[in-house]
$ cat input.txt   # compact mmCIF, N, CA and C atoms
# COMPACT_ATOMS: atom_id res chain seq x y z
N MET N 294 43.38 0.29 -86.12
CA MET N 294 44.30 0.25 -85.01
C MET N 294 43.70 1.03 -83.85
N PRO N 295 43.66 0.45 -82.68
CA PRO N 295 43.06 1.15 -81.55
C PRO N 295 43.91 2.33 -81.12
N TYR N 296 43.24 3.35 -80.62
CA TYR N 296 43.93 4.53 -80.11
C TYR N 296 44.59 4.19 -78.78
N ILE N 297 45.84 4.60 -78.62
CA ILE N 297 46.59 4.34 -77.39
C ILE N 297 46.94 5.69 -76.78
N GLU N 298 46.56 5.86 -75.55
CA GLU N 298 46.90 7.10 -74.84
C GLU N 298 48.42 7.23 -74.78
N HIS N 299 48.91 8.44 -74.93
CA HIS N 299 50.36 8.68 -74.88
C HIS N 299 50.96 8.20 -73.57
N SER N 300 50.24 8.33 -72.49
CA SER N 300 50.79 7.96 -71.19
C SER N 300 51.01 6.45 -71.06
N THR N 301 50.45 5.64 -71.96
CA THR N 301 50.63 4.20 -71.87
C THR N 301 51.92 3.75 -72.56
N TYR N 302 52.55 4.63 -73.30
CA TYR N 302 53.81 4.27 -73.93
C TYR N 302 54.90 4.18 -72.87
N PRO N 303 55.80 3.20 -72.98
CA PRO N 303 56.89 3.15 -72.01
C PRO N 303 57.85 4.32 -72.19
N THR N 304 58.46 4.74 -71.13
CA THR N 304 59.44 5.81 -71.20
C THR N 304 60.75 5.23 -71.74
N PRO N 305 61.27 5.81 -72.83
CA PRO N 305 62.51 5.29 -73.38
C PRO N 305 63.69 5.50 -72.43
N ASN N 306 64.68 4.64 -72.54
CA ASN N 306 65.87 4.81 -71.72
C ASN N 306 66.66 6.03 -72.20
N PHE N 307 67.73 6.36 -71.50
CA PHE N 307 68.49 7.58 -71.79
C PHE N 307 69.00 7.61 -73.23
N ILE N 308 69.53 6.51 -73.70
CA ILE N 308 70.09 6.47 -75.06
C ILE N 308 69.01 6.72 -76.10
N ASN N 309 67.86 6.10 -75.93
CA ASN N 309 66.80 6.22 -76.93
C ASN N 309 66.02 7.53 -76.84
N ARG N 310 66.22 8.30 -75.78
CA ARG N 310 65.60 9.63 -75.72
C ARG N 310 66.41 10.64 -76.52
N ASN N 311 67.66 10.36 -76.74
CA ASN N 311 68.54 11.27 -77.47
C ASN N 311 68.74 10.73 -78.89
N ALA N 312 68.23 11.47 -79.88
CA ALA N 312 68.28 10.99 -81.26
C ALA N 312 69.71 10.76 -81.75
N HIS N 313 70.64 11.59 -81.32
CA HIS N 313 72.02 11.44 -81.77
C HIS N 313 72.65 10.16 -81.17
N LEU N 314 72.46 9.98 -79.87
CA LEU N 314 73.02 8.78 -79.23
C LEU N 314 72.38 7.50 -79.77
N SER N 315 71.06 7.54 -80.00
CA SER N 315 70.39 6.33 -80.49
C SER N 315 70.80 5.98 -81.92
N THR N 316 71.41 6.91 -82.61
CA THR N 316 71.95 6.63 -83.95
C THR N 316 73.40 6.19 -83.88
N ILE N 317 74.22 6.91 -83.09
CA ILE N 317 75.66 6.68 -83.07
C ILE N 317 76.03 5.38 -82.34
N ILE N 318 75.46 5.15 -81.17
CA ILE N 318 75.86 4.00 -80.36
C ILE N 318 75.62 2.67 -81.09
N PRO N 319 74.41 2.42 -81.64
CA PRO N 319 74.25 1.14 -82.37
C PRO N 319 75.16 1.03 -83.59
N ALA N 320 75.41 2.16 -84.27
CA ALA N 320 76.27 2.12 -85.45
C ALA N 320 77.70 1.73 -85.09
N LYS N 321 78.16 2.13 -83.91
CA LYS N 321 79.53 1.84 -83.49
C LYS N 321 79.69 0.49 -82.80
N PHE N 322 78.67 0.05 -82.07
CA PHE N 322 78.83 -1.13 -81.22
C PHE N 322 78.00 -2.35 -81.62
N LYS N 323 76.91 -2.16 -82.33
CA LYS N 323 76.09 -3.29 -82.73
C LYS N 323 76.54 -3.75 -84.12
N LYS N 324 76.91 -5.00 -84.24
CA LYS N 324 77.32 -5.54 -85.53
C LYS N 324 76.37 -6.67 -85.91
N TYR N 325 75.96 -6.68 -87.15
CA TYR N 325 75.02 -7.69 -87.63
C TYR N 325 75.48 -8.13 -89.01
N PRO N 326 75.49 -9.43 -89.27
CA PRO N 326 76.01 -9.90 -90.57
C PRO N 326 75.12 -9.47 -91.74
N VAL N 327 75.75 -9.25 -92.86
CA VAL N 327 75.03 -8.89 -94.09
C VAL N 327 74.43 -10.16 -94.68
N PRO N 328 73.12 -10.15 -94.93
CA PRO N 328 72.49 -11.34 -95.54
C PRO N 328 73.04 -11.61 -96.94
N ASP N 329 72.74 -12.76 -97.43
CA ASP N 329 73.17 -13.16 -98.78
C ASP N 329 72.19 -12.58 -99.80
N TYR N 330 72.40 -11.32 -100.15
CA TYR N 330 71.55 -10.64 -101.12
C TYR N 330 71.94 -11.03 -102.55
N THR N 331 70.98 -10.95 -103.45
CA THR N 331 71.23 -11.07 -104.89
C THR N 331 71.11 -9.66 -105.46
N ARG N 332 72.20 -9.13 -106.03
CA ARG N 332 72.24 -7.75 -106.53
C ARG N 332 71.68 -7.68 -107.95
N GLU N 333 70.81 -6.71 -108.16
CA GLU N 333 70.30 -6.39 -109.50
C GLU N 333 70.57 -4.93 -109.77
N LYS N 334 71.11 -4.63 -110.92
CA LYS N 334 71.37 -3.25 -111.31
C LYS N 334 70.21 -2.83 -112.22
N MET N 335 69.33 -1.97 -111.71
CA MET N 335 68.16 -1.54 -112.47
C MET N 335 68.48 -0.23 -113.18
N GLU N 336 68.36 -0.25 -114.48
CA GLU N 336 68.58 0.96 -115.28
C GLU N 336 67.41 1.91 -115.09
N THR N 337 67.69 3.20 -115.04
CA THR N 337 66.64 4.21 -114.92
C THR N 337 66.47 4.91 -116.26
N ASP N 338 65.33 5.55 -116.44
CA ASP N 338 65.03 6.20 -117.71
C ASP N 338 65.83 7.48 -117.94
N ASP N 339 66.58 7.94 -116.95
CA ASP N 339 67.41 9.13 -117.13
C ASP N 339 68.89 8.78 -117.34
N GLY N 340 69.18 7.52 -117.69
CA GLY N 340 70.54 7.11 -118.00
C GLY N 340 71.37 6.73 -116.80
N ASP N 341 70.75 6.47 -115.68
CA ASP N 341 71.46 6.11 -114.47
C ASP N 341 71.04 4.71 -114.04
N PHE N 342 71.30 4.35 -112.79
CA PHE N 342 70.94 3.03 -112.30
C PHE N 342 70.69 3.07 -110.80
N LEU N 343 70.01 2.05 -110.32
CA LEU N 343 69.82 1.82 -108.89
C LEU N 343 70.23 0.39 -108.60
N ASN N 344 70.96 0.19 -107.50
CA ASN N 344 71.34 -1.16 -107.09
C ASN N 344 70.29 -1.70 -106.13
N LEU N 345 69.69 -2.82 -106.53
CA LEU N 345 68.65 -3.47 -105.74
C LEU N 345 69.21 -4.77 -105.19
N ASP N 346 69.07 -4.96 -103.89
CA ASP N 346 69.53 -6.20 -103.25
C ASP N 346 68.31 -6.98 -102.78
N TRP N 347 68.16 -8.19 -103.32
CA TRP N 347 66.99 -9.03 -103.12
C TRP N 347 67.31 -10.24 -102.26
N ARG N 348 66.29 -10.70 -101.54
CA ARG N 348 66.29 -12.00 -100.87
C ARG N 348 64.94 -12.63 -101.21
N PHE N 349 64.99 -13.80 -101.81
CA PHE N 349 63.76 -14.43 -102.29
C PHE N 349 63.39 -15.64 -101.45
N GLN N 350 62.09 -15.77 -101.20
CA GLN N 350 61.49 -16.96 -100.61
C GLN N 350 60.92 -17.80 -101.75
N GLU N 351 60.51 -19.03 -101.44
CA GLU N 351 59.86 -19.85 -102.46
C GLU N 351 58.54 -19.24 -102.89
N ASN N 352 57.77 -18.70 -101.92
CA ASN N 352 56.51 -18.05 -102.31
C ASN N 352 56.80 -16.60 -102.66
N LYS N 353 56.00 -16.06 -103.54
CA LYS N 353 56.15 -14.66 -103.92
C LYS N 353 54.90 -13.88 -103.53
N ASP N 354 54.41 -14.15 -102.32
CA ASP N 354 53.19 -13.48 -101.88
C ASP N 354 53.46 -12.13 -101.25
N LYS N 355 54.50 -12.05 -100.40
CA LYS N 355 54.73 -10.85 -99.60
C LYS N 355 56.14 -10.31 -99.82
N LEU N 356 56.22 -8.99 -99.90
CA LEU N 356 57.51 -8.31 -100.09
C LEU N 356 57.61 -7.14 -99.14
N VAL N 357 58.78 -7.00 -98.51
CA VAL N 357 59.12 -5.81 -97.74
C VAL N 357 60.23 -5.08 -98.50
N ILE N 358 59.99 -3.79 -98.78
CA ILE N 358 61.00 -2.95 -99.41
C ILE N 358 61.63 -2.10 -98.31
N LEU N 359 62.94 -2.22 -98.17
CA LEU N 359 63.68 -1.50 -97.12
C LEU N 359 64.40 -0.30 -97.71
N PHE N 360 64.23 0.85 -97.08
CA PHE N 360 64.85 2.11 -97.48
C PHE N 360 65.87 2.49 -96.41
N HIS N 361 67.14 2.57 -96.76
CA HIS N 361 68.15 2.96 -95.78
C HIS N 361 68.08 4.45 -95.48
N GLY N 362 68.72 4.86 -94.40
CA GLY N 362 68.75 6.27 -94.02
C GLY N 362 69.82 7.04 -94.78
N LEU N 363 70.01 8.28 -94.40
CA LEU N 363 71.00 9.13 -95.05
C LEU N 363 72.40 8.53 -94.91
N GLU N 364 73.13 8.53 -95.99
CA GLU N 364 74.49 7.99 -96.06
C GLU N 364 74.57 6.51 -95.71
N GLY N 365 73.47 5.82 -95.78
CA GLY N 365 73.46 4.38 -95.51
C GLY N 365 73.55 3.59 -96.81
N ASP N 366 73.34 2.30 -96.68
CA ASP N 366 73.23 1.41 -97.83
C ASP N 366 72.63 0.10 -97.35
N SER N 367 72.55 -0.87 -98.23
CA SER N 367 71.89 -2.13 -97.90
C SER N 367 72.73 -3.03 -96.99
N LYS N 368 73.91 -2.59 -96.61
CA LYS N 368 74.76 -3.40 -95.73
C LYS N 368 74.76 -2.89 -94.29
N ARG N 369 73.93 -1.94 -93.98
CA ARG N 369 73.89 -1.38 -92.63
C ARG N 369 73.25 -2.35 -91.65
N THR N 370 73.76 -2.34 -90.43
CA THR N 370 73.29 -3.24 -89.38
C THR N 370 71.79 -3.13 -89.15
N TYR N 371 71.28 -1.90 -89.01
CA TYR N 371 69.85 -1.73 -88.73
C TYR N 371 68.98 -2.30 -89.84
N LEU N 372 69.43 -2.15 -91.07
CA LEU N 372 68.66 -2.66 -92.20
C LEU N 372 68.73 -4.18 -92.28
N ASN N 373 69.89 -4.76 -92.02
CA ASN N 373 70.05 -6.20 -92.13
C ASN N 373 69.35 -6.97 -91.02
N SER N 374 69.31 -6.41 -89.81
CA SER N 374 68.56 -7.08 -88.75
C SER N 374 67.07 -7.05 -89.08
N CYS N 375 66.60 -5.98 -89.66
CA CYS N 375 65.20 -5.89 -90.09
C CYS N 375 64.95 -6.87 -91.25
N SER N 376 65.89 -6.97 -92.16
CA SER N 376 65.77 -7.91 -93.27
C SER N 376 65.62 -9.34 -92.76
N ASP N 377 66.46 -9.73 -91.83
CA ASP N 377 66.36 -11.08 -91.26
C ASP N 377 65.04 -11.31 -90.54
N TYR N 378 64.59 -10.31 -89.80
CA TYR N 378 63.34 -10.43 -89.05
C TYR N 378 62.18 -10.77 -89.99
N PHE N 379 62.05 -10.01 -91.07
CA PHE N 379 60.92 -10.24 -91.99
C PHE N 379 61.15 -11.47 -92.88
N TYR N 380 62.39 -11.73 -93.24
CA TYR N 380 62.68 -12.93 -94.04
C TYR N 380 62.30 -14.19 -93.25
N ASP N 381 62.62 -14.20 -91.96
CA ASP N 381 62.26 -15.34 -91.11
C ASP N 381 60.75 -15.50 -90.96
N LYS N 382 60.00 -14.46 -91.23
CA LYS N 382 58.54 -14.52 -91.15
C LYS N 382 57.90 -14.78 -92.52
N GLY N 383 58.72 -15.14 -93.53
CA GLY N 383 58.20 -15.54 -94.82
C GLY N 383 58.11 -14.45 -95.88
N PHE N 384 58.68 -13.28 -95.61
CA PHE N 384 58.65 -12.20 -96.58
C PHE N 384 59.84 -12.28 -97.52
N ASN N 385 59.64 -11.89 -98.77
CA ASN N 385 60.74 -11.59 -99.67
C ASN N 385 61.23 -10.20 -99.30
N ILE N 386 62.49 -9.91 -99.58
CA ILE N 386 63.09 -8.64 -99.17
C ILE N 386 63.69 -7.94 -100.39
N LEU N 387 63.46 -6.63 -100.47
CA LEU N 387 64.15 -5.79 -101.44
C LEU N 387 64.77 -4.64 -100.66
N ALA N 388 66.09 -4.69 -100.50
CA ALA N 388 66.84 -3.62 -99.84
C ALA N 388 67.51 -2.82 -100.94
N TRP N 389 66.94 -1.69 -101.28
CA TRP N 389 67.50 -0.94 -102.42
C TRP N 389 68.41 0.17 -101.93
N ASN N 390 69.34 0.51 -102.79
CA ASN N 390 70.35 1.53 -102.49
C ASN N 390 70.03 2.79 -103.29
N HIS N 391 69.94 3.91 -102.58
CA HIS N 391 69.71 5.18 -103.25
C HIS N 391 70.90 5.51 -104.15
N ARG N 392 70.71 6.45 -105.05
CA ARG N 392 71.80 6.85 -105.95
C ARG N 392 73.02 7.26 -105.15
N SER N 393 74.17 6.87 -105.63
CA SER N 393 75.49 7.14 -105.05
C SER N 393 75.73 6.36 -103.76
N CYS N 394 74.85 5.45 -103.42
CA CYS N 394 75.02 4.58 -102.26
C CYS N 394 75.13 3.14 -102.75
N GLY N 395 75.57 2.25 -101.92
CA GLY N 395 75.61 0.85 -102.32
C GLY N 395 76.91 0.43 -102.97
N GLY N 396 77.97 1.21 -102.81
CA GLY N 396 79.27 0.75 -103.24
C GLY N 396 79.77 1.25 -104.58
N GLU N 397 78.96 1.94 -105.34
CA GLU N 397 79.47 2.50 -106.59
C GLU N 397 78.76 3.81 -106.93
N MET N 398 79.52 4.74 -107.47
CA MET N 398 78.95 6.03 -107.86
C MET N 398 78.09 5.84 -109.10
N ASN N 399 77.13 6.72 -109.22
CA ASN N 399 76.22 6.64 -110.34
C ASN N 399 76.82 7.26 -111.59
N ASP N 400 76.13 7.07 -112.71
CA ASP N 400 76.63 7.53 -114.01
C ASP N 400 76.31 8.99 -114.29
N THR N 401 75.30 9.54 -113.63
CA THR N 401 74.94 10.94 -113.87
C THR N 401 75.40 11.78 -112.69
N CYS N 402 75.29 13.08 -112.82
CA CYS N 402 75.69 13.99 -111.75
C CYS N 402 74.66 14.06 -110.64
N ARG N 403 73.51 13.50 -110.86
CA ARG N 403 72.43 13.57 -109.86
C ARG N 403 72.70 12.60 -108.72
N LEU N 404 72.67 13.12 -107.50
CA LEU N 404 72.77 12.29 -106.30
C LEU N 404 71.37 12.12 -105.72
N TYR N 405 71.25 11.31 -104.69
CA TYR N 405 69.94 11.12 -104.07
C TYR N 405 69.66 12.21 -103.05
N HIS N 406 68.40 12.41 -102.79
CA HIS N 406 67.96 13.12 -101.59
C HIS N 406 66.57 12.60 -101.26
N HIS N 407 66.25 12.58 -99.98
CA HIS N 407 65.02 11.93 -99.54
C HIS N 407 63.77 12.75 -99.85
N GLY N 408 63.94 13.92 -100.43
CA GLY N 408 62.78 14.71 -100.84
C GLY N 408 62.30 14.37 -102.23
N SER N 409 63.10 13.64 -102.97
CA SER N 409 62.74 13.24 -104.33
C SER N 409 62.12 11.86 -104.30
N ILE N 410 60.97 11.71 -104.95
CA ILE N 410 60.28 10.42 -104.87
C ILE N 410 60.29 9.65 -106.19
N ASP N 411 60.93 10.16 -107.23
CA ASP N 411 60.89 9.44 -108.51
C ASP N 411 61.60 8.09 -108.44
N ASP N 412 62.71 7.98 -107.72
CA ASP N 412 63.36 6.68 -107.57
C ASP N 412 62.53 5.74 -106.71
N VAL N 413 61.88 6.28 -105.69
CA VAL N 413 60.98 5.46 -104.88
C VAL N 413 59.88 4.90 -105.78
N HIS N 414 59.33 5.75 -106.63
CA HIS N 414 58.29 5.32 -107.56
C HIS N 414 58.81 4.20 -108.47
N ARG N 415 60.01 4.35 -108.99
CA ARG N 415 60.60 3.31 -109.86
C ARG N 415 60.71 1.97 -109.15
N VAL N 416 61.19 2.00 -107.91
CA VAL N 416 61.39 0.77 -107.15
C VAL N 416 60.05 0.11 -106.83
N VAL N 417 59.09 0.89 -106.39
CA VAL N 417 57.78 0.33 -106.05
C VAL N 417 57.10 -0.21 -107.30
N GLU N 418 57.17 0.51 -108.41
CA GLU N 418 56.59 0.02 -109.67
C GLU N 418 57.20 -1.31 -110.09
N LYS N 419 58.51 -1.44 -109.95
CA LYS N 419 59.18 -2.70 -110.29
C LYS N 419 58.66 -3.82 -109.40
N ALA N 420 58.52 -3.55 -108.11
CA ALA N 420 58.02 -4.56 -107.18
C ALA N 420 56.59 -4.97 -107.53
N LEU N 421 55.76 -4.00 -107.89
CA LEU N 421 54.37 -4.31 -108.23
C LEU N 421 54.28 -5.17 -109.49
N LYS N 422 55.21 -4.98 -110.41
CA LYS N 422 55.22 -5.79 -111.64
C LYS N 422 55.58 -7.25 -111.37
N GLU N 423 56.17 -7.51 -110.20
CA GLU N 423 56.53 -8.88 -109.83
C GLU N 423 55.33 -9.66 -109.28
N ASN N 424 54.17 -9.01 -109.20
CA ASN N 424 52.91 -9.64 -108.80
C ASN N 424 52.86 -10.11 -107.35
N TYR N 425 53.51 -9.39 -106.46
CA TYR N 425 53.36 -9.70 -105.04
C TYR N 425 51.94 -9.35 -104.60
N GLN N 426 51.39 -10.12 -103.71
CA GLN N 426 50.05 -9.86 -103.19
C GLN N 426 50.07 -8.75 -102.15
N GLU N 427 51.16 -8.66 -101.40
CA GLU N 427 51.30 -7.64 -100.36
C GLU N 427 52.69 -7.03 -100.49
N VAL N 428 52.76 -5.69 -100.47
CA VAL N 428 54.03 -4.98 -100.52
C VAL N 428 54.04 -3.96 -99.38
N TYR N 429 55.09 -4.00 -98.56
CA TYR N 429 55.24 -3.10 -97.43
C TYR N 429 56.52 -2.29 -97.59
N LEU N 430 56.50 -1.04 -97.15
CA LEU N 430 57.67 -0.16 -97.22
C LEU N 430 58.11 0.16 -95.80
N ILE N 431 59.41 0.04 -95.55
CA ILE N 431 59.99 0.37 -94.24
C ILE N 431 61.21 1.23 -94.49
N GLY N 432 61.28 2.38 -93.83
CA GLY N 432 62.42 3.26 -94.04
C GLY N 432 62.91 3.90 -92.77
N TRP N 433 64.10 4.45 -92.85
CA TRP N 433 64.75 5.12 -91.72
C TRP N 433 65.07 6.54 -92.14
N ILE N 434 64.94 7.45 -91.18
CA ILE N 434 65.34 8.82 -91.42
C ILE N 434 66.33 9.22 -90.35
N SER N 435 67.10 10.21 -90.63
CA SER N 435 68.06 10.70 -89.64
C SER N 435 67.39 11.76 -88.78
N PRO N 436 67.85 11.89 -87.54
CA PRO N 436 67.23 12.88 -86.64
C PRO N 436 67.51 14.29 -87.10
$ encode --input "input.txt" --output "structure tokens"
Amino acid sequence: MPYIEHSTYPTPNFINRNAHLSTIIPAKFKKYPVPDYTREKMETDDGDFLNLDWRFQENKDKLVILFHGLEGDSKRTYLNSCSDYFYDKGFNILAWNHRSCGGEMNDTCRLYHHGSIDDVHRVVEKALKENYQEVYLIGWISP
């Protein structure tokens, strides 16, 4: 990737310069339909589960794994618009829900936090076992 001088980046508008406003305003005013996901409940080795929401193409060459932000889930507007964007470009989609997210509480007392990577490892390992040729990860963090 070529190096781009910082001065060549466009100056963001007022809303996008403020991390709080750029999070709150789209969440309140931008609405995007939830794609037709196929839900899979993946059991974990510690007696819990993760809810995985899939969208499949006829080819199984490329997969995008979407990670929602804090207190999000696979039904969030930002995630679903991204899902549609890549699905329209021929990617399969895996929008997974962290523990205690996605509409149902987990079976163990352990909740998610973005500093723990064992669930990320589980999800990526599952995707790799599906024999995709290309796997991409896209995630959101809170300001």
$ select_by_dssp --input "input.txt" --residues "region 335-377 of chain N" --states "strand (DSSP E or B)" --output "PyMOL selection string"
chain N and resi 335-336+342-348+355-360
$ closest_residue --input "input.txt" --among "N:Asp346, N:Asp341, N:Asp381, N:Asp354" --to "Ser367 (chain N)" --atoms "all atoms listed in the file"
N:Asp346
$ axis_aligned_box --input "input.txt" --around "region 377-388 of chain N" --padding-each-side "6 Å" --output "lines of an AutoDock Vina configuration file"
center_x = 62.7
center_y = -9.2
center_z = -95.2
size_x = 21.6
size_y = 24.7
size_z = 24.4
$ residues_around --input "input.txt" --residues "Tyr425 (chain N)" --least-positions-apart "6" --cutoff "10 Å" --atoms "only C-alpha atoms" --output "PyMOL selection string"
chain N and resi 352-356+385
$ closest_residue --input "input.txt" --among "N:Val327, N:Leu430, N:Cys394, N:Met335" --to "Leu359 (chain N)" --atoms "all atoms listed in the file"
N:Leu430
$ residues_around --input "input.txt" --residues "Ala388 (chain N)" --least-positions-apart "3" --cutoff "12 Å" --atoms "only C-alpha atoms" --output "PyMOL selection string"
chain N and resi 327-333+343-349+356-362+365-369+371-377+379-380+385+391+394-395+413+416-417+420+429-432
$ atom_distance --input "input.txt" --atom1 "CA of Pro326 (chain N)" --atom2 "atom N of Val428 (chain N)"
25.6 Å
